[in-house]
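Trainee: My file is coords.tsv. It has TSV, C-alpha atoms:
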chain	number	residue	atom	x	y	z
A	1	MET	CA	0.00	0.00	0.00
A	2	LEU	CA	1.05	3.57	-0.65
A	3	ARG	CA	0.27	6.47	1.69
A	4	GLY	CA	0.28	9.87	0.03
A	5	ALA	CA	1.32	13.22	1.47
A	6	VAL	CA	-1.23	16.04	1.79
A	7	GLN	CA	-0.05	19.57	0.98
A	8	PRO	CA	-1.97	22.24	2.96
A	9	TYR	CA	-1.59	25.14	0.51
A	10	ALA	CA	-3.83	28.14	1.22
A	11	TRP	CA	-5.75	27.83	-2.07
A	12	GLY	CA	-6.92	24.31	-1.26
A	13	SER	CA	-10.42	23.12	-0.45
A	14	ARG	CA	-11.27	22.27	3.13
A	15	GLU	CA	-13.77	19.58	2.16
A	16	ALA	CA	-12.87	17.89	-1.15
A	17	LEU	CA	-9.89	15.74	-0.17
A	18	PRO	CA	-11.41	14.65	3.16
A	19	ARG	CA	-14.58	13.70	1.26
A	20	ILE	CA	-12.64	11.65	-1.29
A	21	MET	CA	-10.49	9.98	1.36
A	22	GLY	CA	-13.38	9.29	3.74
A	23	MET	CA	-11.81	11.33	6.54
A	24	PRO	CA	-13.20	14.13	8.72
A	25	PRO	CA	-12.17	17.65	7.65
A	26	THR	CA	-9.40	19.23	9.69
A	27	GLY	CA	-10.71	22.76	9.18
A	28	GLU	CA	-7.53	23.65	7.30
A	29	PRO	CA	-7.03	23.82	3.51
A	30	GLN	CA	-5.97	20.53	1.96
A	31	ALA	CA	-4.85	21.34	-1.56
A	32	GLU	CA	-2.96	18.37	-3.00
A	33	LEU	CA	-2.47	14.69	-2.30
A	34	TRP	CA	0.98	13.70	-3.62
A	35	LEU	CA	1.54	10.11	-4.71
A	36	GLY	CA	5.07	9.44	-5.86
A	37	ALA	CA	8.73	9.63	-4.98
A	38	HIS	CA	9.52	13.34	-5.12
A	39	PRO	CA	12.17	13.97	-2.43
A	40	ARG	CA	10.24	16.93	-0.97
A	41	ARG	CA	7.22	14.81	-0.01
A	42	PRO	CA	7.66	11.14	-0.95
A	43	SER	CA	4.81	8.73	-0.38
A	44	ILE	CA	5.25	6.05	2.25
A	45	LEU	CA	5.29	2.46	1.04
A	46	ARG	CA	4.20	-0.24	3.46
A	47	ARG	CA	5.85	-3.51	2.51
A	48	SER	CA	6.37	-6.62	4.65
A	49	GLY	CA	5.00	-4.79	7.68
A	50	GLU	CA	7.46	-1.89	7.45
A	51	ASP	CA	7.08	1.71	6.26
A	52	CYS	CA	9.66	3.37	4.03
A	53	PRO	CA	9.66	6.47	1.77
A	54	LEU	CA	9.15	5.41	-1.82
A	55	ASP	CA	12.17	7.37	-3.08
A	56	GLN	CA	14.42	5.40	-0.73
A	57	VAL	CA	12.87	2.09	-1.80
A	58	ILE	CA	13.56	2.94	-5.46
A	59	ALA	CA	17.10	4.23	-4.79
A	60	ALA	CA	17.95	0.96	-3.03
A	61	ASP	CA	16.97	-1.15	-6.06
A	62	PRO	CA	16.18	1.01	-9.11
A	63	VAL	CA	16.24	-1.84	-11.61
A	64	GLY	CA	14.07	-4.07	-9.44
A	65	GLU	CA	11.49	-1.33	-8.74
A	66	LEU	CA	11.52	0.58	-12.03
A	67	GLY	CA	12.63	-2.07	-14.49
A	68	ALA	CA	15.78	-1.98	-16.59
A	69	ASP	CA	14.33	0.17	-19.39
A	70	VAL	CA	12.93	2.88	-17.10
A	71	ALA	CA	16.07	2.90	-14.93
A	72	ARG	CA	18.23	3.22	-18.02
A	73	THR	CA	16.17	6.13	-19.34
A	74	PHE	CA	15.44	8.03	-16.14
A	75	GLY	CA	18.11	6.86	-13.68
A	76	ASP	CA	17.14	5.87	-10.16
A	77	GLU	CA	14.10	8.16	-9.94
A	78	LEU	CA	10.44	7.54	-10.69
A	79	PRO	CA	9.82	9.87	-13.66
A	80	PHE	CA	6.26	10.91	-12.74
A	81	LEU	CA	4.34	12.35	-9.83
A	82	LEU	CA	0.60	11.70	-9.38
A	83	LYS	CA	-1.67	14.09	-7.47
A	84	ILE	CA	-5.26	14.82	-6.57
A	85	LEU	CA	-5.86	18.58	-6.76
A	86	ALA	CA	-8.61	20.23	-4.72
A	87	VAL	CA	-8.72	23.85	-5.88
A	88	ALA	CA	-10.99	26.24	-3.95
A	89	GLN	CA	-9.29	29.52	-4.95
A	90	PRO	CA	-7.27	30.54	-8.02
A	91	LEU	CA	-3.65	29.41	-8.01
A	92	SER	CA	-0.65	31.50	-9.04
A	93	LEU	CA	0.00	32.71	-12.58
A	94	GLN	CA	2.67	30.22	-13.63
A	95	ALA	CA	4.56	28.30	-16.28
A	96	HIS	CA	7.09	25.47	-16.23
A	97	PRO	CA	10.45	25.10	-17.99
A	98	THR	CA	11.80	22.65	-20.53
A	99	LYS	CA	14.37	20.18	-19.27
A	100	ARG	CA	17.20	22.24	-20.79
A	101	GLN	CA	15.90	25.42	-19.14
A	102	ALA	CA	15.49	23.63	-15.81
A	103	GLN	CA	19.03	22.29	-15.87
A	104	ALA	CA	20.46	25.72	-16.70
A	105	GLY	CA	18.30	27.51	-14.12
A	106	PHE	CA	19.05	25.02	-11.36
A	107	ASP	CA	22.80	25.19	-11.98
A	108	ALA	CA	22.76	29.01	-12.09
A	109	GLU	CA	21.00	29.24	-8.71
A	110	ASP	CA	23.38	26.65	-7.28
A	111	HIS	CA	26.30	28.75	-8.53
A	112	GLN	CA	24.79	31.76	-6.72
A	113	GLY	CA	24.75	29.74	-3.49
A	114	ILE	CA	20.95	29.79	-3.12
A	115	SER	CA	19.77	26.89	-0.96
A	116	VAL	CA	17.46	24.49	-2.77
A	117	ASP	CA	14.94	25.02	0.05
A	118	ALA	CA	15.18	28.84	0.04
A	119	ASP	CA	11.88	30.69	-0.35
A	120	HIS	CA	13.36	32.85	-3.12
A	121	ARG	CA	14.61	29.90	-5.16
A	122	SER	CA	12.88	29.37	-8.54
A	123	TYR	CA	14.37	26.04	-9.65
A	124	ARG	CA	14.00	23.20	-7.15
A	125	ASP	CA	15.37	20.48	-9.44
A	126	ARG	CA	16.80	19.93	-12.93
A	127	ASN	CA	13.68	18.41	-14.46
A	128	HIS	CA	10.94	19.70	-16.73
A	129	LYS	CA	7.33	19.71	-15.51
A	130	PRO	CA	4.81	18.97	-18.25
A	131	GLU	CA	1.47	18.05	-16.72
A	132	LEU	CA	-1.87	16.49	-17.55
A	133	VAL	CA	-5.01	17.16	-15.52
A	134	CYS	CA	-8.16	14.98	-15.65
A	135	ALA	CA	-11.28	16.32	-13.96
A	136	LEU	CA	-13.01	14.42	-11.17
A	137	GLU	CA	-15.52	17.25	-10.78
A	138	PRO	CA	-15.98	20.32	-13.02
A	139	PHE	CA	-12.58	21.97	-13.27
A	140	THR	CA	-11.85	25.46	-14.62
A	141	ALA	CA	-8.59	27.12	-15.69
A	142	PHE	CA	-7.11	29.95	-17.66
A	143	CYS	CA	-4.41	28.40	-19.85
A	144	GLY	CA	-2.60	28.99	-23.13
A	145	PHE	CA	-2.71	32.32	-24.93
A	146	ARG	CA	-5.91	33.20	-26.77
A	147	PRO	CA	-5.45	34.74	-30.25
A	148	PRO	CA	-4.06	38.29	-29.85
A	149	SER	CA	-7.07	39.77	-31.65
A	150	SER	CA	-9.42	38.11	-29.15
A	151	ALA	CA	-7.32	39.26	-26.20
A	152	ALA	CA	-7.32	42.81	-27.58
A	153	GLU	CA	-11.10	42.68	-27.97
A	154	LEU	CA	-11.55	41.43	-24.41
A	155	LEU	CA	-9.24	44.01	-22.82
A	156	GLY	CA	-10.63	46.76	-25.05
A	157	SER	CA	-14.18	45.98	-23.93
A	158	LEU	CA	-13.24	46.94	-20.36
A	159	GLY	CA	-12.65	50.59	-21.15
A	160	VAL	CA	-9.51	50.77	-18.98
A	161	SER	CA	-7.34	53.40	-20.66
A	162	PRO	CA	-4.06	52.46	-18.87
A	163	LEU	CA	-4.29	49.15	-20.80
A	164	ASP	CA	-4.08	50.93	-24.16
A	165	PRO	CA	-0.35	50.19	-24.73
A	166	ALA	CA	-0.92	46.46	-24.14
A	167	ILE	CA	-3.99	46.47	-26.38
A	168	GLY	CA	-1.98	48.15	-29.13
A	169	LEU	CA	0.71	45.49	-28.92
A	170	LEU	CA	-1.92	42.75	-29.10
A	171	ARG	CA	-3.38	44.32	-32.23
A	172	GLU	CA	0.12	44.06	-33.71
A	173	ASN	CA	0.10	40.32	-32.85
A	174	ARG	CA	2.78	40.88	-30.20
A	175	ALA	CA	1.36	38.99	-27.23
A	176	ASP	CA	4.92	38.46	-25.97
A	177	ARG	CA	5.54	42.20	-25.76
A	178	ALA	CA	2.11	42.82	-24.23
A	179	LEU	CA	2.84	40.25	-21.52
A	180	ARG	CA	6.26	41.77	-20.82
A	181	TRP	CA	4.76	45.27	-20.69
A	182	LEU	CA	2.21	44.18	-18.09
A	183	LEU	CA	4.66	42.17	-15.98
A	184	GLU	CA	7.23	44.96	-15.89
A	185	ARG	CA	4.89	47.77	-14.79
A	186	PRO	CA	6.20	49.46	-11.64
A	187	TYR	CA	4.06	48.82	-8.61
A	188	PRO	CA	1.87	51.95	-8.46
A	189	ALA	CA	0.98	51.70	-12.16
A	190	ALA	CA	0.47	47.92	-12.01
A	191	ALA	CA	-1.79	48.19	-8.96
A	192	GLU	CA	-3.88	50.90	-10.62
A	193	ILE	CA	-4.33	48.72	-13.74
A	194	ALA	CA	-5.33	45.77	-11.55
A	195	HIS	CA	-7.90	47.77	-9.59
A	196	GLN	CA	-9.43	49.27	-12.73
A	197	VAL	CA	-9.60	45.87	-14.48
A	198	ALA	CA	-11.28	44.22	-11.50
A	199	SER	CA	-13.79	47.07	-11.21
A	200	ALA	CA	-14.54	47.03	-14.95
A	201	CYS	CA	-15.08	43.27	-14.92
A	202	ALA	CA	-17.73	43.66	-12.22
A	203	ARG	CA	-19.87	45.55	-14.75
A	204	PRO	CA	-21.97	43.77	-17.42
A	205	GLY	CA	-20.31	43.33	-20.77
A	206	PRO	CA	-18.96	40.86	-23.34
A	207	PHE	CA	-16.93	37.85	-22.21
A	208	PRO	CA	-19.08	37.44	-19.06
A	209	ASP	CA	-17.40	34.24	-17.83
A	210	GLU	CA	-13.91	35.72	-18.13
A	211	ARG	CA	-15.12	38.85	-16.33
A	212	GLN	CA	-16.60	36.81	-13.50
A	213	TRP	CA	-13.34	34.98	-12.90
A	214	ALA	CA	-11.34	38.21	-13.09
A	215	VAL	CA	-13.52	39.63	-10.31
A	216	ARG	CA	-12.77	36.60	-8.14
A	217	ILE	CA	-9.04	36.85	-8.87
A	218	GLY	CA	-9.10	40.57	-8.07
A	219	GLU	CA	-10.81	39.92	-4.75
A	220	GLN	CA	-8.19	37.34	-3.79
A	221	HIS	CA	-5.19	39.34	-5.05
A	222	PRO	CA	-6.08	43.05	-4.97
A	223	GLY	CA	-3.60	45.23	-6.82
A	224	ASP	CA	-1.94	42.31	-8.67
A	225	VAL	CA	-1.62	42.94	-12.42
A	226	GLY	CA	-1.97	39.19	-12.92
A	227	VAL	CA	-5.73	39.81	-13.04
A	228	ALA	CA	-5.22	41.52	-16.42
A	229	ILE	CA	-2.70	38.93	-17.64
A	230	ALA	CA	-5.15	36.11	-16.92
A	231	LEU	CA	-7.48	37.66	-19.49
A	232	LEU	CA	-4.86	37.07	-22.20
A	233	LEU	CA	-5.46	33.34	-21.74
A	234	ASN	CA	-8.15	30.87	-22.81
A	235	LEU	CA	-10.85	30.06	-20.28
A	236	VAL	CA	-11.24	26.26	-20.24
A	237	ARG	CA	-13.82	24.19	-18.34
A	238	LEU	CA	-13.39	20.43	-18.00
A	239	GLU	CA	-16.33	18.17	-17.28
A	240	PRO	CA	-15.64	15.02	-15.23
A	241	GLY	CA	-13.47	12.64	-17.24
A	242	GLU	CA	-12.12	15.29	-19.60
A	243	ALA	CA	-8.43	16.14	-19.57
A	244	LEU	CA	-5.99	18.72	-20.87
A	245	TYR	CA	-2.23	18.63	-21.31
A	246	LEU	CA	0.01	21.59	-20.52
A	247	GLY	CA	3.51	21.47	-21.96
A	248	ALA	CA	6.54	23.58	-21.12
A	249	GLY	CA	5.99	27.32	-21.33
A	250	ASN	CA	2.18	27.17	-21.11
A	251	LEU	CA	1.07	30.08	-18.93
A	252	HIS	CA	-1.86	29.05	-16.76
A	253	VAL	CA	-3.96	29.69	-13.68
A	254	TYR	CA	-6.01	26.85	-12.21
A	255	LEU	CA	-9.21	28.42	-10.90
A	256	HIS	CA	-11.51	25.90	-9.26
A	257	GLY	CA	-12.36	22.21	-9.13
A	258	VAL	CA	-11.11	18.74	-8.28
A	259	ALA	CA	-8.92	16.68	-10.58
A	260	VAL	CA	-6.29	13.99	-10.87
A	261	GLU	CA	-3.03	15.43	-12.15
A	262	ILE	CA	0.07	13.64	-13.40
A	263	MET	CA	3.33	15.37	-14.23
A	264	ALA	CA	7.03	14.83	-14.61
A	265	ASN	CA	8.70	14.36	-11.23
A	266	SER	CA	9.48	18.03	-10.64
A	267	ASP	CA	8.51	20.99	-8.47
A	268	ASN	CA	9.76	23.75	-10.78
A	269	VAL	CA	7.14	26.52	-10.79
A	270	LEU	CA	7.96	29.93	-12.26
A	271	ARG	CA	5.42	32.49	-11.03
A	272	GLY	CA	4.46	35.85	-12.47
A	273	GLY	CA	1.92	36.88	-9.84
A	274	LEU	CA	-1.29	35.96	-8.00
A	275	SER	CA	0.74	34.38	-5.22
A	276	VAL	CA	2.32	35.08	-1.85
A	277	LYS	CA	5.15	32.75	-2.90
A	278	HIS	CA	8.29	33.76	-4.79
A	279	VAL	CA	7.54	35.64	-8.02
A	280	ASP	CA	10.35	35.64	-10.61
A	281	VAL	CA	9.32	37.71	-13.62
A	282	PRO	CA	12.64	37.43	-15.54
A	283	ALA	CA	12.67	33.64	-15.13
A	284	LEU	CA	9.04	33.38	-16.22
A	285	LEU	CA	9.64	35.51	-19.31
A	286	GLU	CA	12.54	33.24	-20.28
A	287	VAL	CA	10.32	30.15	-20.44
A	288	VAL	CA	6.81	31.35	-21.35
A	289	ASP	CA	5.44	30.52	-24.80
A	290	CYS	CA	3.15	33.32	-26.02
A	291	ARG	CA	2.02	31.67	-29.24
A	292	PRO	CA	-1.77	31.22	-29.45
A	293	ASP	CA	-2.76	27.83	-28.07
A	294	ASP	CA	-6.35	26.65	-27.76
A	295	VAL	CA	-5.28	23.80	-25.39
A	296	PRO	CA	-7.50	21.03	-26.78
A	297	VAL	CA	-9.63	19.16	-24.28
A	298	VAL	CA	-9.53	15.36	-24.59
A	299	ALA	CA	-12.58	13.31	-23.61
A	300	PRO	CA	-12.41	9.56	-22.93
A	301	ASP	CA	-14.19	7.48	-25.56
A	302	GLY	CA	-15.16	4.69	-23.19
A	303	PRO	CA	-14.86	3.37	-19.62
A	304	TYR	CA	-11.19	2.42	-20.23
A	305	PHE	CA	-9.11	5.21	-21.77
A	306	THR	CA	-5.44	6.17	-21.75
A	307	PHE	CA	-4.35	9.79	-22.08
A	308	ARG	CA	-0.97	9.81	-23.85
A	309	PRO	CA	0.84	13.16	-23.82
A	310	PRO	CA	3.84	13.82	-26.12
A	311	VAL	CA	6.43	13.07	-23.41
A	312	PRO	CA	7.96	9.75	-22.28
A	313	ASP	CA	7.71	10.50	-18.56
A	314	PHE	CA	4.08	9.56	-18.00
A	315	CYS	CA	0.68	8.58	-19.27
A	316	LEU	CA	-2.59	8.20	-17.38
A	317	THR	CA	-5.27	5.53	-17.77
A	318	ARG	CA	-8.76	6.23	-16.47
A	319	ILE	CA	-10.93	3.18	-15.71
A	320	GLU	CA	-14.58	3.12	-14.73
A	321	VAL	CA	-14.61	-0.25	-12.99
A	322	SER	CA	-17.79	-2.29	-12.77
A	323	GLY	CA	-16.84	-5.91	-12.41
A	324	SER	CA	-13.25	-6.68	-13.36
A	325	VAL	CA	-10.59	-5.38	-15.77
A	326	GLN	CA	-7.34	-7.04	-16.77
A	327	CYS	CA	-4.30	-4.74	-16.84
A	328	HIS	CA	-1.01	-5.37	-18.64
A	329	PRO	CA	1.74	-3.16	-17.21
A	330	THR	CA	4.94	-2.41	-19.11
A	331	GLY	CA	6.76	-0.84	-16.18
A	332	PRO	CA	6.16	0.51	-12.68
A	333	GLU	CA	2.71	1.86	-11.82
A	334	ILE	CA	0.83	3.76	-9.16
A	335	VAL	CA	-2.82	2.68	-9.07
A	336	LEU	CA	-5.17	5.20	-7.46
A	337	CYS	CA	-8.79	4.65	-6.46
A	338	ALA	CA	-10.51	8.03	-6.81
A	339	SER	CA	-13.91	6.74	-5.67
A	340	GLY	CA	-15.63	3.50	-4.80
A	341	ASN	CA	-14.10	0.30	-3.51
A	342	VAL	CA	-11.85	-1.90	-5.65
A	343	SER	CA	-9.04	-4.40	-5.48
A	344	ALA	CA	-5.92	-4.01	-7.64
A	345	ALA	CA	-3.38	-6.82	-7.87
A	346	GLY	CA	-4.86	-8.23	-4.69
A	347	TYR	CA	-4.74	-4.97	-2.71
A	348	GLU	CA	-8.00	-3.52	-1.41
A	349	ILE	CA	-8.20	0.24	-2.00
A	350	VAL	CA	-10.95	2.83	-1.48
A	351	GLY	CA	-11.28	6.53	-2.32
A	352	GLY	CA	-7.91	8.26	-2.09
A	353	GLY	CA	-6.09	4.97	-1.60
A	354	ALA	CA	-3.24	3.83	-3.83
A	355	VAL	CA	-0.83	0.99	-4.39
A	356	TRP	CA	2.69	0.85	-5.79
A	357	LEU	CA	3.25	-1.90	-8.35
A	358	PRO	CA	6.93	-2.33	-9.20
A	359	ALA	CA	8.14	-3.38	-12.62
A	360	GLY	CA	7.74	-7.08	-13.17
A	361	THR	CA	4.38	-7.24	-11.39
A	362	GLY	CA	2.91	-8.86	-14.48
A	363	GLU	CA	-0.70	-8.94	-15.57
A	364	TYR	CA	-3.11	-8.06	-12.77
A	365	GLU	CA	-6.83	-7.57	-12.20
A	366	VAL	CA	-8.75	-4.53	-11.01
A	367	ALA	CA	-12.13	-5.61	-9.64
A	368	GLY	CA	-15.05	-4.02	-7.83
A	369	ALA	CA	-16.91	-0.78	-8.48
A	370	GLY	CA	-15.20	2.58	-8.64
A	371	LEU	CA	-13.08	5.06	-10.57
A	372	VAL	CA	-9.43	4.05	-10.92
A	373	PHE	CA	-6.38	5.73	-12.43
A	374	ARG	CA	-3.20	3.97	-13.53
A	375	ALA	CA	-0.09	6.19	-13.62
A	376	GLN	CA	2.64	4.80	-15.86
A	377	THR	CA	5.56	5.82	-18.04
A	378	ASN	CA	4.73	6.51	-21.66
Rewrite the structure from the file as structure tokens, please.
Mentor:
Amino acid sequence: MLRGAVQPYAWGSREALPRIMGMPPTGEPQAELWLGAHPRRPSILRRSGEDCPLDQVIAADPVGELGADVARTFGDELPFLLKILAVAQPLSLQAHPTKRQAQAGFDAEDHQGISVDADHRSYRDRNHKPELVCALEPFTAFCGFRPPSSAAELLGSLGVSPLDPAIGLLRENRADRALRWLLERPYPAAAEIAHQVASACARPGPFPDERQWAVRIGEQHPGDVGVAIALLLNLVRLEPGEALYLGAGNLHVYLHGVAVEIMANSDNVLRGGLSVKHVDVPALLEVVDCRPDDVPVVAPDGPYFTFRPPVPDFCLTRIEVSGSVQCHPTGPEIVLCASGNVSAAGYEIVGGGAVWLPAGTGEYEVAGAGLVFRAQTN
């Protein structure tokens, strides 16, 4: 069995994770359940009556736990991290680096003598952090740049004259320069833009859904110009079962909902605002991709469906179990029960429960009734 680690970030729901895990609420936010071997919060594996962090179990026998192919490709680390997200308030405005950018950024901060645990550190590891999110309940996000003409129309509809330079750049198809202009406003000017945008969005007008979310962001982060930047992005709503993939450089803000998320085994988050955590505008501008991206939503075409992103680190299989399903692993897996009551490879798991299946487990059965996710390499 695998025991995950709960992260109590301030934006987290106080009810969703306890409800999923069948536990009483603590009264505190519970934002993420981590299932994996990230050194910051590794899951605890119970095996032969003893508990041990999963990263230590893998490091002691990488070939036995990961399999020769995965160990050869990724070394002695599990290449993915699985989470349940419970988002009650908008997260930070953020993007993630490529592997090359992460390696360079991590080494540069090491060279500067910045501790890897320092609050003002941007790069926590040398890995990239592509991610895929699959909704358990309706899930909403701003992500990927909308066409510059659409962004110009949206911002122009607000009637906020201090935004005119950014709107002009958008009309020239220069979303990159518009983003830079907004991020680099000195504080008094940035705060004034933020206040005017939030006030304008509270009035009726076109793009009503985007306006509604901007009001909520402005209430949570008054005076943060990120409220205007969020409106440069697509507003995406996932229904349960639907998923979206966010590659390196995709600027995004998760807004509300509950989802299963899988990502490369990294904690590199470059923030541009909407957060009390470290904001690093130069680092964000180095990695962000401002090309228009409609971020296609993928819907499962049946009760057994695998989401395969364009990276080797992970894929995610969603299974609506009613009876039994045979599974054929090709490497190590984490099997998560998101709801219901099932058995997987002989282990009984209920909502929020998970098991670690090392490489070489062989064919196994998932039986019972519930919603199950298999996290694997791709």
Trainee: What is the CA of Ala166 (chain A)-CA of Thr98 (chain A) distance in Å, reported with one decimal?
Mentor: 27.2 Å
Trainee: Could you please determine the separation between CA of Leu170 (chain A) and CA of Ala243 (chain A) in Å, to one decimal place?
Mentor: 29.0 Å
Trainee: Pick the closest to Ala259 (chain A) from A:Gly64, A:Pro332, A:Pro138, A:Gly323: which is it, counting all atoms listed in the file?
Mentor: A:Pro138
Trainee: At a cut-off of 8 Å, using all atoms listed in the file, what residues contact Leu371 (chain A)? Leave out same-chain residues fewer than 5 positions from it and give the result as a VMD selection string.
Mentor: chain A and resid 318 to 321 337 to 340
Trainee: Asp76 (chain A): which residues within 8 Å, counting all atoms listed in the file, same-chain residues fewer than 5 positions away excluded, as JSON, numbers by chain?
Mentor: {"A": [58, 59, 62, 63, 66, 71]}
Trainee: Please, which residues in region 138-199 of chain A fall within 12 Å of region 296-302 of chain A when counting only C-alpha atoms, and what is the closest atom pair and distance in Å to one decimal for each, ordered by chain then residue number, as a Markdown table?
Mentor:
| residue | atom | partner | partner_atom | distance |
| --- | --- | --- | --- | --- |
| A:Phe139 | CA | A:Val297 | CA | 11.7 |
| A:Thr140 | CA | A:Val297 | CA | 11.7 |
| A:Ala141 | CA | A:Val297 | CA | 11.8 |
| A:Cys143 | CA | A:Pro296 | CA | 10.6 |
| A:Gly144 | CA | A:Pro296 | CA | 10.0 |
Trainee: Taking the point (-12.4, 19.6, -15.9) as given in the file, collect each protein or nucleic acid residue that comes within 6 Å of it, counting all atoms listed in the file, and present the set as a PDB file with C-alpha atoms, in the coordinates of the input.
Mentor:
ATOM      1  CA  ALA A 135     -11.280  16.320 -13.960  1.00  0.00           C
ATOM      2  CA  PRO A 138     -15.980  20.320 -13.020  1.00  0.00           C
ATOM      3  CA  PHE A 139     -12.580  21.970 -13.270  1.00  0.00           C
ATOM      4  CA  ARG A 237     -13.820  24.190 -18.340  1.00  0.00           C
ATOM      5  CA  LEU A 238     -13.390  20.430 -18.000  1.00  0.00           C
ATOM      6  CA  GLU A 239     -16.330  18.170 -17.280  1.00  0.00           C
ATOM      7  CA  PRO A 240     -15.640  15.020 -15.230  1.00  0.00           C
ATOM      8  CA  GLU A 242     -12.120  15.290 -19.600  1.00  0.00           C
TER       9      GLU A 242
END
Trainee: May I have the protein, DNA and RNA residues with any atom at most 12 Å from the point (-6.1, 18.6, -11.4), counting only C-alpha atoms, written as a PyMOL selection string?
Mentor: chain A and resi 12+31-34+82-88+91+131-141+237-246+253-263
Trainee: What separation in Å, quoted to one decimal, exists between CA of Tyr364 (chain A) and CA of Val350 (chain A)?
Mentor: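 These two atoms are separated by 17.5 Å.
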Trainee: Which residues, written as a VMD selection string, have at least one atom at most 9 Å from Ala344 (chain A), with all atoms listed in the file counted and residues fewer than 6 positions away on the same chain left out?
Mentor: chain A and resid 335 355 364 to 367
Trainee: Under the rule that all atoms listed in the file are counted, which of A:Asp117, A:Gly4, A:Met21, A:Asp61 is the nearest residue to Asn341 (chain A)?
Mentor: A:Met21
Trainee: Rank nothing, just name the residue among A:Ala190, A:Val269, A:Ala354, A:Val116 nearest to Pro130 (chain A), using all atoms listed in the file.
Mentor: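 Checking each of A:Ala190, A:Val269, A:Ala354, A:Val116 against Pro130 (chain A), counting all atoms listed in the file, the winner is A:Val269.
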Trainee: Determine the nearest neighbour of Ala175 (chain A) from the options A:Pro292, A:Pro204, A:Ile193, A:Glu65, counting only C-alpha atoms.
Mentor: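 Checking each candidate against Ala175 (chain A), we get A:Pro292 as the closest.
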Trainee: For Ile167 (chain A), which of A:Pro148, A:Gly22, A:Gly67, A:Pro29 is the closest residue, counting all atoms listed in the file?
Mentor: A:Pro148
Trainee: For Val281 (chain A), find every residue with an atom within 6 Å (counting only C-alpha atoms), except residues of its own chain fewer than 2 positions away, and show them as a list in words.
Mentor: Gly272, Ala283 and Leu284 of chain A
Trainee: With only C-alpha atoms as the basis for distance, which of A:Phe142, A:Ala191, A:Pro312, A:Gly331 is at the shortest distance from Val295 (chain A)?
Mentor: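 Using only C-alpha atoms, the shortest distance to Val295 (chain A) belongs to A:Phe142.
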Trainee: Using all atoms listed in the file, which residues sit within 9 Å of region 276-280 of chain A once same-chain residues fewer than 3 positions away are excluded, as a VMD selection string?
Mentor: chain A and resid 92 119 to 122 270 to 273 283 to 285
Trainee: Which residues of region 57-108 of chain A sit at most 9 Å from region 216-230 of chain A, using all atoms listed in the file? Give each one's shortest atom pair and distance in Å (one decimal place), in chain and ascending residue order, as a Markdown table.
Mentor:
| residue | atom | partner | partner_atom | distance |
| --- | --- | --- | --- | --- |
| A:Gln89 | CA | A:Gln220 | CA | 8.0 |
| A:Pro90 | CA | A:Ile217 | CA | 6.6 |
| A:Ser92 | CA | A:Gly226 | CA | 8.7 |
| A:Leu93 | CA | A:Gly226 | CA | 6.8 |
